[in-house]
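This report refers to the structure that appears directly beneath it.
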Amino acid sequence: MITSQLPKLLCPTLHFYHYVLRNGLNDSDEQLKARRDYFTKNLYEITSHLTSKKGENAGGFVRLISPEQDWSPSGSLLDLTLEAIPDDCKRTNSDRLYLQTGTSTSRIGVWRLNDTYLLRFTRYISSAEGQQSLKTFGDLGDHLCNLPIELGQTAILAGIIPQNEYQDNPSIDIAAECLSQYCGEDPKLISPRLIDTNFLGSPFYLYPKSVKAKTLNDFPVQSTHLMGVILYPNVEAEKKANKFYNVLQDMLLSYHKIDFFYSQSLALKKLVGQQYKEIEQLTEDYANTNWNKESLKKLPHDSLEYYKKLSFLSDQKETIRVNLHNYRGCLKQIEEDKDIGEKLEGFLANFVNDAEHYLEQIQTTIGFMSPGLKLYDKLMLSVQTQVSIDDERIQKKQSDQQQKLGQLLTGSCAAIAVGQILTPAITLSVSQYYIDKDPSQPPSVTSLWVGGFLTIILSLLSGWVVSQLVYRWFTQPESDETTQRRSG
């Protein structure tokens, strides 16, 4: 489709919502500072291309309050006290800054919403400037589409096109061309992926795209770049819808949080699933006595990590549950508002069903993976029992060795003592009564050898007898009477 064949529109407007996590679970001070610096850099990427009415670059005076002042759980983060801010950029009782770059007017606001930073940017060309080409959305969204995305980002392009002016061009083709000008993609590729809905009698098309926000242990965590187009039939419809964007700010926060944390839960599910397989394999190997000692040594640490991952999964579920409650509240607020008073249908309404399905999936995962904690406990208990049995066996073996060593030492000492005592007597007896038979003469060499040999035999025999008696005395079981006397 050729752009020149498409109708022009009045008051082309870009509604831009950029969400970044201020803090995650158990973040350190360094991580909090890194997140704030990341958000500040994104803010500068936008403001450095904007100016005041007098042409002053907004990057020079758009600043956040200091971290010390950022203590409230919610509120504006723009520092409006800077002297460098031109007077024409501020409004009484407003926490935004107002900029003028050429024919386009901009409003920029930065807020902290509990654990999230929100950058809300609105840029439009007044209807006083007349009808504008669809290419205008490319200028309004310059440097925005490629802004790094973490928690989530939404851009809604809106404009006034009377229906009688685009009868020859289906509204879906016009929406695809608007998005093409904004994000640079081929409208032919965009058109089949657009989700058709309706709001306040105006054609409303949504174009969600998944983007990689980060990795969790090599597993990707996705967030959503949500883009949309609203084609108002008249000025009244545009004015009626303006109140919708204030509610949309909170609704999109819940939408992006649900989407982001569900994706993070899928990464956690894969990590827990891997660890569950590992503990199952370890349990099987242990049962088959095919032990991996290094893995068994890591059991307490791995068990703690497994518990932490399951706890994080529970945290993801609770975060999704709370944000689903808030999301429903926004839908109800839109439906009951006296100016809007319309029940949203289609993608935004059906997302409630998606979120409920996410909660069920996470709960199922927690229920399925929780037995892994018992596997860790039972395996650690089995290992501890086995170690106790092995230690007892080793201690018994050492005790037996010590007892045998004591028996040997006792026998040796006894043999030496007996030998020292009996050697003279045996030698003299052998000499006088059996070999020399002459008491007046000293024992002959033969008598000495025979006496020594007999002494050795008697010493060994007496040593053996003594060592047996000592060993039996040390190893005999205690009698019941002795045991009762000691315990008493």
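Ordering of the structure tokens sets the chain letters (A, B, ...), residue numbers begin anew at 1 in every chain, and ligands are numbered from 1 in the order given.
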Checklist line | Neighbour list for Ala213 in chain A as a PyMOL selection string, cut-off 10 Å, only C-alpha atoms, skip fewer than 6 positions in-chain | finding: chain A and resi 148-152+220-224+260+263-264
Next item on the list: Would you list the contacts of range 232-238 of chain A as a PyMOL selection string, taking every protein, DNA or RNA residue within 8 Å and counting only C-alpha atoms, but skipping same-chain residues closer than 6 positions in sequence?
Entry: chain A and resi 158-163+200-203
Item checked: Per-residue DSSP, range 136-228 of chain A, filtered to strand (DSSP E or B), as an NGL selection string -> :A and (152-160 or 195-199 or 202-216 or 219-228)
Next item on the list: Do a neighbour search on Glu185 in chain A at 10 Å with only C-alpha atoms, toss out local chain neighbours closer than 6 positions, and write the hits as a VMD selection string.
Entry: chain A and resid 176 to 177 179
Compile the contact shell of Asn146 in chain A as an mmCIF file with N, CA, C and O atoms, in the first residue's frame: residues with an atom at most 12 Å away, counting only C-alpha atoms, same-chain residues fewer than 6 positions apart removed.
```cif
data_model
loop_
_atom_site.group_PDB
_atom_site.id
_atom_site.type_symbol
_atom_site.label_atom_id
_atom_site.label_comp_id
_atom_site.auth_asym_id
_atom_site.auth_seq_id
_atom_site.Cartn_x
_atom_site.Cartn_y
_atom_site.Cartn_z
ATOM 1 N N HIS A 18 6.724 3.702 29.645
ATOM 2 C CA HIS A 18 7.962 2.922 29.741
ATOM 3 C C HIS A 18 8.157 2.503 31.202
ATOM 4 O O HIS A 18 8.279 3.350 32.091
ATOM 5 N N ASN A 42 17.905 6.055 29.991
ATOM 6 C CA ASN A 42 16.766 6.003 29.065
ATOM 7 C C ASN A 42 16.034 7.347 29.010
ATOM 8 O O ASN A 42 15.595 7.786 27.942
ATOM 9 N N GLU A 45 17.948 9.654 26.872
ATOM 10 C CA GLU A 45 17.825 9.309 25.455
ATOM 11 C C GLU A 45 16.604 9.985 24.832
ATOM 12 O O GLU A 45 16.603 10.336 23.656
ATOM 13 N N ILE A 46 15.558 10.173 25.616
ATOM 14 C CA ILE A 46 14.346 10.829 25.107
ATOM 15 C C ILE A 46 14.485 12.345 25.122
ATOM 16 O O ILE A 46 14.263 13.028 24.128
ATOM 17 N N GLN A 153 6.911 -2.050 27.866
ATOM 18 C CA GLN A 153 6.746 -0.748 27.219
ATOM 19 C C GLN A 153 5.496 -0.783 26.350
ATOM 20 O O GLN A 153 5.232 -1.786 25.676
ATOM 21 N N ALA A 155 3.205 1.698 23.567
ATOM 22 C CA ALA A 155 3.064 2.913 22.760
ATOM 23 C C ALA A 155 1.723 2.833 22.034
ATOM 24 O O ALA A 155 1.464 1.867 21.311
ATOM 25 N N TYR A 182 6.015 4.151 12.880
ATOM 26 C CA TYR A 182 6.561 4.271 14.236
ATOM 27 C C TYR A 182 7.732 3.322 14.468
ATOM 28 O O TYR A 182 8.786 3.731 14.974
ATOM 29 N N CYS A 183 7.552 2.042 14.112
ATOM 30 C CA CYS A 183 8.566 1.039 14.469
ATOM 31 C C CYS A 183 9.444 0.606 13.304
ATOM 32 O O CYS A 183 10.410 -0.134 13.501
ATOM 33 N N GLY A 184 9.101 1.048 12.078
ATOM 34 C CA GLY A 184 9.954 0.748 10.938
ATOM 35 C C GLY A 184 9.757 -0.612 10.302
ATOM 36 O O GLY A 184 10.515 -0.994 9.406
ATOM 37 N N VAL A 211 9.909 -9.429 23.569
ATOM 38 C CA VAL A 211 11.326 -9.057 23.459
ATOM 39 C C VAL A 211 12.074 -9.672 24.634
ATOM 40 O O VAL A 211 11.510 -9.888 25.708
ATOM 41 N N HIS A 225 6.627 -5.619 24.260
ATOM 42 C CA HIS A 225 6.560 -4.292 23.644
ATOM 43 C C HIS A 225 5.170 -4.212 23.003
ATOM 44 O O HIS A 225 4.934 -4.774 21.937
#
```
Margin query: Taking 3 positions as the minimum chain separation for residues in the same chain, which residues sit within 10 Å of range 325-338 of chain A when counting only C-alpha atoms? Answer as a list in words.
Written below: Lys243, Phe244, Val247, Leu248, Gln249, Asp250, Met251, Leu252, Leu253, Ser254, Tyr255, Ile258, Ile320, Arg321, Val322, Gly341, Glu342, Lys343, Leu344, Glu345, Leu348, Ala349, Phe351, Val352 and Ala355 of chain A
Check: Within 6 Å of Ala175 in chain A, counting only C-alpha atoms, which residues qualify if same-chain residues fewer than 3 places away don't, as number ranges by chain?
Finding: A: 172, 178, 229
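The space separating CA of Asn114 in chain A from CA of Asn323 in chain A comes to 12.4 Å.
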Notebook entry, point to check: Nearest to Gly138 in chain A: which of A:Glu356, A:Leu14, A:Asp186, A:Asp87 is it, counting only C-alpha atoms?
Noted result: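 Looking only at the distances to Gly138 in chain A, the closest residue turns out to be A:Leu14.
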Check: Which polymer residues have any atom within 12 Å of an atom of Tyr44 in chain A, counting only C-alpha atoms, with same-chain residues fewer than 3 positions away left out, as a list in words?
Finding: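 The neighbour list is Asp37, Tyr38, Phe39, Thr40, Lys41, Thr47, Ser48, His49, Leu50, Asn57, Ala58, Gly59, Gly60, Phe61, Val62, Arg63, Leu64, Ile108, Leu119, His143, Leu144 and Leu147 of chain A.
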So that I have them on file, write out the residues from the current selection with N, CA and C atoms, as a PDB file, in the first residue's frame.
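Contents of out.pdb, as written:
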```pdb
ATOM      1  N   ASP A  37      20.467   4.139  37.419  1.00  0.00           N
ATOM      2  CA  ASP A  37      21.313   4.692  36.353  1.00  0.00           C
ATOM      3  C   ASP A  37      20.795   4.282  34.980  1.00  0.00           C
ATOM      4  N   TYR A  38      20.327   3.034  34.888  1.00  0.00           N
ATOM      5  CA  TYR A  38      19.774   2.535  33.627  1.00  0.00           C
ATOM      6  C   TYR A  38      18.537   3.340  33.230  1.00  0.00           C
ATOM      7  N   PHE A  39      17.673   3.594  34.204  1.00  0.00           N
ATOM      8  CA  PHE A  39      16.461   4.356  33.930  1.00  0.00           C
ATOM      9  C   PHE A  39      16.797   5.809  33.566  1.00  0.00           C
ATOM     10  N   THR A  40      17.757   6.396  34.266  1.00  0.00           N
ATOM     11  CA  THR A  40      18.176   7.771  33.983  1.00  0.00           C
ATOM     12  C   THR A  40      18.739   7.890  32.565  1.00  0.00           C
ATOM     13  N   LYS A  41      19.485   6.884  32.154  1.00  0.00           N
ATOM     14  CA  LYS A  41      20.038   6.892  30.797  1.00  0.00           C
ATOM     15  C   LYS A  41      18.921   6.870  29.765  1.00  0.00           C
ATOM     16  N   THR A  47      14.873  12.865  26.278  1.00  0.00           N
ATOM     17  CA  THR A  47      14.862  14.321  26.440  1.00  0.00           C
ATOM     18  C   THR A  47      15.939  15.029  25.633  1.00  0.00           C
ATOM     19  N   SER A  48      17.016  14.331  25.299  1.00  0.00           N
ATOM     20  CA  SER A  48      18.091  14.988  24.547  1.00  0.00           C
ATOM     21  C   SER A  48      17.656  15.368  23.139  1.00  0.00           C
ATOM     22  N   HIS A  49      16.511  14.857  22.681  1.00  0.00           N
ATOM     23  CA  HIS A  49      16.001  15.190  21.348  1.00  0.00           C
ATOM     24  C   HIS A  49      14.818  16.149  21.413  1.00  0.00           C
ATOM     25  N   LEU A  50      14.541  16.673  22.612  1.00  0.00           N
ATOM     26  CA  LEU A  50      13.415  17.588  22.798  1.00  0.00           C
ATOM     27  C   LEU A  50      13.918  18.962  23.223  1.00  0.00           C
ATOM     28  N   ASN A  57      17.695  22.754  24.915  1.00  0.00           N
ATOM     29  CA  ASN A  57      17.675  21.292  24.913  1.00  0.00           C
ATOM     30  C   ASN A  57      17.210  20.758  26.266  1.00  0.00           C
ATOM     31  N   ALA A  58      16.178  19.889  26.219  1.00  0.00           N
ATOM     32  CA  ALA A  58      15.602  19.376  27.467  1.00  0.00           C
ATOM     33  C   ALA A  58      16.558  18.465  28.224  1.00  0.00           C
ATOM     34  N   GLY A  59      17.533  17.894  27.511  1.00  0.00           N
ATOM     35  CA  GLY A  59      18.506  17.052  28.202  1.00  0.00           C
ATOM     36  C   GLY A  59      19.328  17.813  29.217  1.00  0.00           C
ATOM     37  N   GLY A  60      19.316  19.131  29.117  1.00  0.00           N
ATOM     38  CA  GLY A  60      20.094  19.935  30.051  1.00  0.00           C
ATOM     39  C   GLY A  60      19.369  20.285  31.324  1.00  0.00           C
ATOM     40  N   PHE A  61      18.041  20.094  31.366  1.00  0.00           N
ATOM     41  CA  PHE A  61      17.332  20.477  32.590  1.00  0.00           C
ATOM     42  C   PHE A  61      16.321  19.441  33.087  1.00  0.00           C
ATOM     43  N   VAL A  62      16.147  18.349  32.399  1.00  0.00           N
ATOM     44  CA  VAL A  62      15.272  17.280  32.906  1.00  0.00           C
ATOM     45  C   VAL A  62      16.117  16.358  33.781  1.00  0.00           C
ATOM     46  N   ARG A  63      15.879  16.395  35.054  1.00  0.00           N
ATOM     47  CA  ARG A  63      16.655  15.622  36.018  1.00  0.00           C
ATOM     48  C   ARG A  63      15.738  14.931  37.018  1.00  0.00           C
ATOM     49  N   LEU A  64      16.237  13.815  37.586  1.00  0.00           N
ATOM     50  CA  LEU A  64      15.518  13.122  38.657  1.00  0.00           C
ATOM     51  C   LEU A  64      15.961  13.676  40.003  1.00  0.00           C
ATOM     52  N   ILE A 108       6.020  15.261  29.708  1.00  0.00           N
ATOM     53  CA  ILE A 108       6.819  14.156  30.235  1.00  0.00           C
ATOM     54  C   ILE A 108       6.697  14.109  31.745  1.00  0.00           C
ATOM     55  N   LEU A 119       8.028   5.991  33.170  1.00  0.00           N
ATOM     56  CA  LEU A 119       8.247   7.167  32.340  1.00  0.00           C
ATOM     57  C   LEU A 119       7.060   7.278  31.396  1.00  0.00           C
ATOM     58  N   HIS A 143      13.435   7.905  18.149  1.00  0.00           N
ATOM     59  CA  HIS A 143      14.315   7.483  19.249  1.00  0.00           C
ATOM     60  C   HIS A 143      13.561   6.758  20.378  1.00  0.00           C
ATOM     61  N   LEU A 144      12.274   6.493  20.200  1.00  0.00           N
ATOM     62  CA  LEU A 144      11.520   5.809  21.258  1.00  0.00           C
ATOM     63  C   LEU A 144      11.404   4.308  21.021  1.00  0.00           C
ATOM     64  N   LEU A 147      14.205   2.145  22.281  1.00  0.00           N
ATOM     65  CA  LEU A 147      14.614   2.281  23.671  1.00  0.00           C
ATOM     66  C   LEU A 147      14.657   0.898  24.331  1.00  0.00           C
TER      67      LEU A 147
END
```
Item checked: DSSP-assigned helix (DSSP H, G or I) among range 65-295 of chain A, expressed as a ChimeraX atom specification -> /A:67-69,87-89,127-129,136-140,163-165,171-183,187-193,235-287,293-295
Note to self: Report, in Å with one decimal, the straight-line distance from CA of Pro300 in chain A to CA of Gln316 in chain A.
What the structure shows: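 Those two atoms sit 24.6 Å apart.
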